[in-house]
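Structure, as C-alpha cells:
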Amino acid sequence: MDELVDFFQLNLFYLLRYLLLLTVSALLTVFLLPYSTNLLIDSNLLKPNYRGESIPAATGIIFLIVLPIAIGLGFVLTIDSITTINAVLFLFVILGIGLAGLIDDCLGSHAVKGFKGHLKAFLKEKKLTTGGLKAFLGGTIALVFSIANARLNGFGKYPWIFVIDLFLVALATNIINLFDLRPGRAGKVYLIIFTVVLLLSENFIDFTGLFLPILVILLIYLPHDLKAEMMLGDVGSNLLGASLGMMMVWMLSDFGKIIAFLIFFSLQLAAEKVSFSEIIDRYGPLKYFDNLGRDKS
C-alpha cells in the first residue's frame, strides 16, 4: 500500500510540474502578446495581408520571448526533458533560426523569391538577399545542431544519419514558411505534422517539456492569425518549422527520418514549380480545412 501511495505521489508531483510549466507559458503568452504586437506597430513593422489590410507582421516574435523563459522555468522545476543538453541545443536552434527570420522580416523585400531566386541573385548578380542570408544562417545552424546532436547523443546504427538530420531541420524550417500565405494555414500545417510525429514517436515523453510550450503558445496565438489580425512572419514560421525538424530528429526512427526527408524534399521541389495555394483551392476537402476557423468577413 505504501508503495502505491509513493507511486501516485511521485507521478502527481511530476504532472504538477508540467502543469505549472504550461500554465506559466500560457499566461505569459496572453500577457505579452499585446505588448509584442504594439512593439511591432510602433516600429511600423506592418505588412498587407491577403486582403490588402496592413497588420502587424512578425508577431511570431512571441515565441522568441516566451520560450527561453519557459525553458528557464523548466530548469528551476527540474523537469527531466529540460535538464539535459538537448535543452541547450533546442534553445540554440530556436533562437538562432528565429532571429534569422526576424532579420528577414525587418529588412527583407519580396523582390526575390524562392531558393533558386536567392541563389541566382548571389551567384550571378553578386547580391546577398536577406532571404539568402536567412538560408545560409539556417543551414549553418542546422549543420551545427546535427553534428552536435550526433556527438552528444550518439550516431546510432547509421553514422551518416546525421546528414538526414541536417536536411530535416533545414527543410522543415522552410516548409512551414511556404505555407504561411493565408491566415492560420502555417499553424494548421504545424499542428498536423506535430500530431503525426507524436503518434509515430516512442519517446515523446523524453522531450515533452521542450515542445509542449510551443504548442500552448501556438494555440493561444492561432485565433488572432485566423482572423487576419496579425502575421507569424518568418520569425514565427521558421521557428515553428525548426522545432518540427528537431522533433523528427529526436523522435522518429531512422526509417521514419528517411521517409520524412523524402516528403519534405519533394515539397520543397514542388514549391519551386507550383503554388500550394492554387492546389489547396482546387480541392474541396483541402479548401474546407484551410478555411476552417478563418474570419469570413
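Letters A, B, ... go to the chains of the C-alpha cells in the order shown; residues in each chain start at 1; ligands are counted from 1 in the same order.
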How would you write, as a PDB file with C-alpha atoms, in the first residue's frame, the set of residues in range 110-209 of chain A that DSSP gives as alpha helix (DSSP H)?
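Output (states13.pdb):
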```
ATOM      1  CA  GLY A 114      12.339  31.017 -53.826  1.00  0.00           C
ATOM      2  CA  PHE A 115      15.597  29.236 -53.086  1.00  0.00           C
ATOM      3  CA  LYS A 116      16.603  29.356 -56.746  1.00  0.00           C
ATOM      4  CA  GLY A 117      15.942  33.098 -56.848  1.00  0.00           C
ATOM      5  CA  HIS A 118      18.151  33.824 -53.840  1.00  0.00           C
ATOM      6  CA  LEU A 119      20.890  31.557 -55.191  1.00  0.00           C
ATOM      7  CA  LYS A 120      20.753  33.224 -58.610  1.00  0.00           C
ATOM      8  CA  ALA A 121      20.982  36.682 -57.022  1.00  0.00           C
ATOM      9  CA  PHE A 122      24.051  35.588 -55.042  1.00  0.00           C
ATOM     10  CA  LEU A 123      25.919  33.812 -57.848  1.00  0.00           C
ATOM     11  CA  THR A 130      18.009  38.774 -46.700  1.00  0.00           C
ATOM     12  CA  GLY A 131      16.342  35.539 -47.784  1.00  0.00           C
ATOM     13  CA  GLY A 132      19.719  34.223 -48.891  1.00  0.00           C
ATOM     14  CA  LEU A 133      21.280  35.301 -45.605  1.00  0.00           C
ATOM     15  CA  LYS A 134      18.482  33.561 -43.728  1.00  0.00           C
ATOM     16  CA  ALA A 135      19.014  30.376 -45.749  1.00  0.00           C
ATOM     17  CA  PHE A 136      22.760  30.468 -45.048  1.00  0.00           C
ATOM     18  CA  LEU A 137      22.270  31.056 -41.326  1.00  0.00           C
ATOM     19  CA  GLY A 138      19.525  28.429 -41.139  1.00  0.00           C
ATOM     20  CA  GLY A 139      21.658  25.878 -42.946  1.00  0.00           C
ATOM     21  CA  THR A 140      24.642  26.611 -40.707  1.00  0.00           C
ATOM     22  CA  ILE A 141      22.528  26.280 -37.564  1.00  0.00           C
ATOM     23  CA  ALA A 142      21.041  23.010 -38.842  1.00  0.00           C
ATOM     24  CA  LEU A 143      24.549  21.706 -39.570  1.00  0.00           C
ATOM     25  CA  VAL A 144      25.866  22.621 -36.106  1.00  0.00           C
ATOM     26  CA  PHE A 145      22.786  21.075 -34.491  1.00  0.00           C
ATOM     27  CA  SER A 146      23.033  17.803 -36.421  1.00  0.00           C
ATOM     28  CA  ILE A 147      26.765  17.350 -35.689  1.00  0.00           C
ATOM     29  CA  ALA A 148      26.428  18.360 -32.025  1.00  0.00           C
ATOM     30  CA  ASN A 149      23.404  16.102 -31.577  1.00  0.00           C
ATOM     31  CA  ALA A 150      25.259  13.149 -33.107  1.00  0.00           C
ATOM     32  CA  ARG A 151      28.347  13.766 -30.951  1.00  0.00           C
ATOM     33  CA  LEU A 152      26.351  14.208 -27.750  1.00  0.00           C
ATOM     34  CA  ASN A 153      23.603  11.617 -28.231  1.00  0.00           C
ATOM     35  CA  ILE A 161      22.046   9.611 -40.489  1.00  0.00           C
ATOM     36  CA  PHE A 162      23.246  12.971 -39.139  1.00  0.00           C
ATOM     37  CA  VAL A 163      23.122  14.206 -42.762  1.00  0.00           C
ATOM     38  CA  ILE A 164      19.406  13.351 -42.834  1.00  0.00           C
ATOM     39  CA  ASP A 165      19.048  15.191 -39.508  1.00  0.00           C
ATOM     40  CA  LEU A 166      20.651  18.252 -41.079  1.00  0.00           C
ATOM     41  CA  PHE A 167      18.233  18.276 -44.009  1.00  0.00           C
ATOM     42  CA  LEU A 168      15.210  17.591 -41.809  1.00  0.00           C
ATOM     43  CA  VAL A 169      15.850  20.719 -39.722  1.00  0.00           C
ATOM     44  CA  ALA A 170      16.745  22.845 -42.745  1.00  0.00           C
ATOM     45  CA  LEU A 171      13.816  21.688 -44.893  1.00  0.00           C
ATOM     46  CA  ALA A 172      11.219  21.817 -42.103  1.00  0.00           C
ATOM     47  CA  THR A 173      12.330  25.370 -41.298  1.00  0.00           C
ATOM     48  CA  ASN A 174      11.422  26.462 -44.818  1.00  0.00           C
ATOM     49  CA  ILE A 175       8.369  24.255 -45.424  1.00  0.00           C
ATOM     50  CA  ILE A 176       6.215  25.885 -42.740  1.00  0.00           C
ATOM     51  CA  ASN A 177       7.199  29.273 -44.165  1.00  0.00           C
ATOM     52  CA  LEU A 178       5.994  28.167 -47.622  1.00  0.00           C
ATOM     53  CA  PHE A 179       2.514  27.544 -46.216  1.00  0.00           C
ATOM     54  CA  ARG A 185      -2.523  27.983 -42.603  1.00  0.00           C
ATOM     55  CA  ALA A 186       1.013  27.635 -41.246  1.00  0.00           C
ATOM     56  CA  GLY A 187      -0.338  26.956 -37.761  1.00  0.00           C
ATOM     57  CA  LYS A 188      -2.666  24.235 -39.047  1.00  0.00           C
ATOM     58  CA  VAL A 189       0.123  22.555 -41.020  1.00  0.00           C
ATOM     59  CA  TYR A 190       2.299  22.677 -37.911  1.00  0.00           C
ATOM     60  CA  LEU A 191      -0.414  21.034 -35.806  1.00  0.00           C
ATOM     61  CA  ILE A 192      -0.880  18.256 -38.374  1.00  0.00           C
ATOM     62  CA  ILE A 193       2.831  17.433 -38.559  1.00  0.00           C
ATOM     63  CA  PHE A 194       3.183  17.774 -34.775  1.00  0.00           C
ATOM     64  CA  THR A 195       0.379  15.231 -34.293  1.00  0.00           C
ATOM     65  CA  VAL A 196       1.813  12.785 -36.841  1.00  0.00           C
ATOM     66  CA  VAL A 197       5.269  12.887 -35.238  1.00  0.00           C
ATOM     67  CA  LEU A 198       3.694  12.498 -31.803  1.00  0.00           C
ATOM     68  CA  LEU A 199       1.745   9.404 -32.914  1.00  0.00           C
ATOM     69  CA  LEU A 200       4.820   7.824 -34.501  1.00  0.00           C
ATOM     70  CA  THR A 208       7.626  16.853 -23.521  1.00  0.00           C
ATOM     71  CA  GLY A 209       8.946  19.871 -21.646  1.00  0.00           C
TER      72      GLY A 209
END
```
> With only C-alpha atoms as the basis for distance, which of A:Asp281, A:Cys106, A:Ile97, A:Trp160 is at the shortest distance from Ser43 in chain A?
Replying inline: A:Cys106
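Nearest-residue note for Ala242 in chain A: choosing from A:Ile94, A:Leu73, A:Leu107, A:Ala87, the minimum distance belongs to A:Ile94, counting only C-alpha atoms.
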> Hey, what does DSSP flag as strand (DSSP E) within range 15-97 of chain A? Can you give it to me as a PyMOL selection string?
Replying inline: chain A and resi 46-48+54-56
How would the residues just chosen look if you wrote them out with N, CA and C atoms as a PDB file, in the first residue's frame?
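So the final result, stored in selection08.pdb, reads:
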```
ATOM      1  N   LEU A  46       4.672  46.677 -40.332  1.00  0.00           N
ATOM      2  CA  LEU A  46       3.346  46.296 -40.803  1.00  0.00           C
ATOM      3  C   LEU A  46       3.450  45.830 -42.242  1.00  0.00           C
ATOM      4  N   LYS A  47       2.622  44.858 -42.578  1.00  0.00           N
ATOM      5  CA  LYS A  47       2.584  44.363 -43.953  1.00  0.00           C
ATOM      6  C   LYS A  47       1.136  44.090 -44.340  1.00  0.00           C
ATOM      7  N   PRO A  48       0.811  44.204 -45.627  1.00  0.00           N
ATOM      8  CA  PRO A  48      -0.563  43.911 -46.055  1.00  0.00           C
ATOM      9  C   PRO A  48      -0.845  42.422 -46.003  1.00  0.00           C
ATOM     10  N   SER A  54      -3.234  46.431 -43.757  1.00  0.00           N
ATOM     11  CA  SER A  54      -1.947  46.490 -43.065  1.00  0.00           C
ATOM     12  C   SER A  54      -2.107  46.003 -41.632  1.00  0.00           C
ATOM     13  N   ILE A  55      -1.377  44.946 -41.304  1.00  0.00           N
ATOM     14  CA  ILE A  55      -1.461  44.368 -39.964  1.00  0.00           C
ATOM     15  C   ILE A  55      -0.038  44.115 -39.444  1.00  0.00           C
ATOM     16  N   PRO A  56       0.121  43.942 -38.122  1.00  0.00           N
ATOM     17  CA  PRO A  56       1.457  43.682 -37.578  1.00  0.00           C
ATOM     18  C   PRO A  56       2.050  42.406 -38.162  1.00  0.00           C
TER      19      PRO A  56
END
```
> Do you know which residues are at most 12 Å from Leu32 in chain A counting only C-alpha atoms, after dropping those on the same chain fewer than 2 positions away, and could you put them as a ChimeraX atom specification?
Replying inline: /A:24-30,34-39,59-66,217,220-221
Go ahead and dump the residues you just picked, N, CA and C atoms, as a PDB file, in the first residue's frame.
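part-v2.pdb, freshly written:
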```pdb
ATOM      1  N   VAL A  24       2.225  28.689 -16.864  1.00  0.00           N
ATOM      2  CA  VAL A  24       3.044  29.905 -16.929  1.00  0.00           C
ATOM      3  C   VAL A  24       3.277  30.310 -18.382  1.00  0.00           C
ATOM      4  N   SER A  25       3.529  29.331 -19.256  1.00  0.00           N
ATOM      5  CA  SER A  25       3.723  29.622 -20.678  1.00  0.00           C
ATOM      6  C   SER A  25       2.479  30.275 -21.264  1.00  0.00           C
ATOM      7  N   ALA A  26       1.309  29.743 -20.903  1.00  0.00           N
ATOM      8  CA  ALA A  26       0.057  30.291 -21.407  1.00  0.00           C
ATOM      9  C   ALA A  26      -0.188  31.702 -20.890  1.00  0.00           C
ATOM     10  N   LEU A  27       0.019  31.913 -19.599  1.00  0.00           N
ATOM     11  CA  LEU A  27      -0.210  33.234 -19.006  1.00  0.00           C
ATOM     12  C   LEU A  27       0.754  34.273 -19.576  1.00  0.00           C
ATOM     13  N   LEU A  28       1.997  33.889 -19.759  1.00  0.00           N
ATOM     14  CA  LEU A  28       2.977  34.809 -20.346  1.00  0.00           C
ATOM     15  C   LEU A  28       2.577  35.191 -21.768  1.00  0.00           C
ATOM     16  N   THR A  29       2.088  34.218 -22.526  1.00  0.00           N
ATOM     17  CA  THR A  29       1.674  34.494 -23.905  1.00  0.00           C
ATOM     18  C   THR A  29       0.492  35.452 -23.935  1.00  0.00           C
ATOM     19  N   VAL A  30      -0.507  35.180 -23.112  1.00  0.00           N
ATOM     20  CA  VAL A  30      -1.686  36.050 -23.062  1.00  0.00           C
ATOM     21  C   VAL A  30      -1.298  37.461 -22.631  1.00  0.00           C
ATOM     22  N   PRO A  34      -0.098  41.238 -26.510  1.00  0.00           N
ATOM     23  CA  PRO A  34      -0.444  42.628 -26.859  1.00  0.00           C
ATOM     24  C   PRO A  34       0.767  43.565 -26.844  1.00  0.00           C
ATOM     25  N   TYR A  35       1.692  43.356 -25.896  1.00  0.00           N
ATOM     26  CA  TYR A  35       2.877  44.209 -25.823  1.00  0.00           C
ATOM     27  C   TYR A  35       3.778  44.005 -27.042  1.00  0.00           C
ATOM     28  N   SER A  36       4.000  42.740 -27.426  1.00  0.00           N
ATOM     29  CA  SER A  36       4.852  42.477 -28.581  1.00  0.00           C
ATOM     30  C   SER A  36       4.197  42.981 -29.862  1.00  0.00           C
ATOM     31  N   THR A  37       2.871  42.895 -29.941  1.00  0.00           N
ATOM     32  CA  THR A  37       2.148  43.405 -31.114  1.00  0.00           C
ATOM     33  C   THR A  37       2.260  44.917 -31.209  1.00  0.00           C
ATOM     34  N   ASN A  38       2.093  45.599 -30.081  1.00  0.00           N
ATOM     35  CA  ASN A  38       2.228  47.061 -30.070  1.00  0.00           C
ATOM     36  C   ASN A  38       3.661  47.500 -30.399  1.00  0.00           C
ATOM     37  N   LEU A  39       4.630  46.696 -29.990  1.00  0.00           N
ATOM     38  CA  LEU A  39       6.025  46.976 -30.340  1.00  0.00           C
ATOM     39  C   LEU A  39       6.205  46.983 -31.857  1.00  0.00           C
ATOM     40  N   THR A  59       4.628  38.774 -35.708  1.00  0.00           N
ATOM     41  CA  THR A  59       4.133  38.564 -34.344  1.00  0.00           C
ATOM     42  C   THR A  59       4.554  37.205 -33.787  1.00  0.00           C
ATOM     43  N   GLY A  60       5.178  36.391 -34.641  1.00  0.00           N
ATOM     44  CA  GLY A  60       5.781  35.163 -34.144  1.00  0.00           C
ATOM     45  C   GLY A  60       6.925  35.421 -33.185  1.00  0.00           C
ATOM     46  N   ILE A  61       7.283  36.688 -33.019  1.00  0.00           N
ATOM     47  CA  ILE A  61       8.315  37.054 -32.041  1.00  0.00           C
ATOM     48  C   ILE A  61       7.906  36.640 -30.628  1.00  0.00           C
ATOM     49  N   ILE A  62       6.612  36.415 -30.411  1.00  0.00           N
ATOM     50  CA  ILE A  62       6.136  35.991 -29.096  1.00  0.00           C
ATOM     51  C   ILE A  62       6.790  34.671 -28.694  1.00  0.00           C
ATOM     52  N   PHE A  63       7.084  33.796 -29.668  1.00  0.00           N
ATOM     53  CA  PHE A  63       7.759  32.531 -29.367  1.00  0.00           C
ATOM     54  C   PHE A  63       9.177  32.784 -28.863  1.00  0.00           C
ATOM     55  N   LEU A  64       9.856  33.767 -29.493  1.00  0.00           N
ATOM     56  CA  LEU A  64      11.221  34.109 -29.072  1.00  0.00           C
ATOM     57  C   LEU A  64      11.250  34.665 -27.657  1.00  0.00           C
ATOM     58  N   ILE A  65      10.159  35.326 -27.266  1.00  0.00           N
ATOM     59  CA  ILE A  65      10.102  35.948 -25.943  1.00  0.00           C
ATOM     60  C   ILE A  65       9.771  34.919 -24.863  1.00  0.00           C
ATOM     61  N   VAL A  66       8.774  34.082 -25.130  1.00  0.00           N
ATOM     62  CA  VAL A  66       8.243  33.197 -24.088  1.00  0.00           C
ATOM     63  C   VAL A  66       9.063  31.919 -23.919  1.00  0.00           C
ATOM     64  N   ILE A 217       1.681  28.046 -26.769  1.00  0.00           N
ATOM     65  CA  ILE A 217       1.799  29.401 -27.334  1.00  0.00           C
ATOM     66  C   ILE A 217       1.049  29.497 -28.659  1.00  0.00           C
ATOM     67  N   ILE A 220      -2.786  29.660 -28.378  1.00  0.00           N
ATOM     68  CA  ILE A 220      -3.277  30.968 -27.933  1.00  0.00           C
ATOM     69  C   ILE A 220      -3.154  31.995 -29.056  1.00  0.00           C
ATOM     70  N   TYR A 221      -2.083  31.886 -29.823  1.00  0.00           N
ATOM     71  CA  TYR A 221      -1.836  32.842 -30.913  1.00  0.00           C
ATOM     72  C   TYR A 221      -2.742  32.597 -32.120  1.00  0.00           C
TER      73      TYR A 221
END
```
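Residue nearest Ile71 in chain A within the list A:Leu12, A:Ile103, A:Leu210, A:Ala58: A:Leu210 [criterion: smallest interatomic distance, only C-alpha atoms].
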>> Would you pick out the contacts of Val76 in chain A at 12 Å or less, using only C-alpha atoms, so that residues sharing its chain but fewer than 4 positions from it are not included, and give the list as a PyMOL selection string?
In response: chain A and resi 17-18+20-21+69-72+80+82-83
Limited to C-alpha atoms, could you put the picked residues into a file as a PDB file, in the first residue's frame?
```
ATOM      1  CA  ARG A  17       5.456  20.442 -12.584  1.00  0.00           C
ATOM      2  CA  TYR A  18       4.380  20.099 -16.201  1.00  0.00           C
ATOM      3  CA  LEU A  20       2.859  24.705 -13.854  1.00  0.00           C
ATOM      4  CA  LEU A  21       5.223  24.989 -16.835  1.00  0.00           C
ATOM      5  CA  ILE A  69      11.535  31.874 -20.073  1.00  0.00           C
ATOM      6  CA  ALA A  70       9.682  28.551 -20.257  1.00  0.00           C
ATOM      7  CA  ILE A  71      12.932  26.605 -20.618  1.00  0.00           C
ATOM      8  CA  GLY A  72      14.439  28.539 -17.717  1.00  0.00           C
ATOM      9  CA  ASP A  80      13.653  15.849 -16.896  1.00  0.00           C
ATOM     10  CA  ILE A  82      14.653  20.216 -19.965  1.00  0.00           C
ATOM     11  CA  THR A  83      17.528  19.493 -17.578  1.00  0.00           C
TER      12      THR A  83
END
```
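You can rank A:Arg282, A:Leu33, A:Leu218, A:Asn11 by their closest distance to Leu239 in chain A using only C-alpha atoms, and at the top of that list sits A:Leu218.
Atom pair CA of Ser81 in chain A / CA of Pro213 in chain A has a distance of 12.3 Å (rounded to one decimal).
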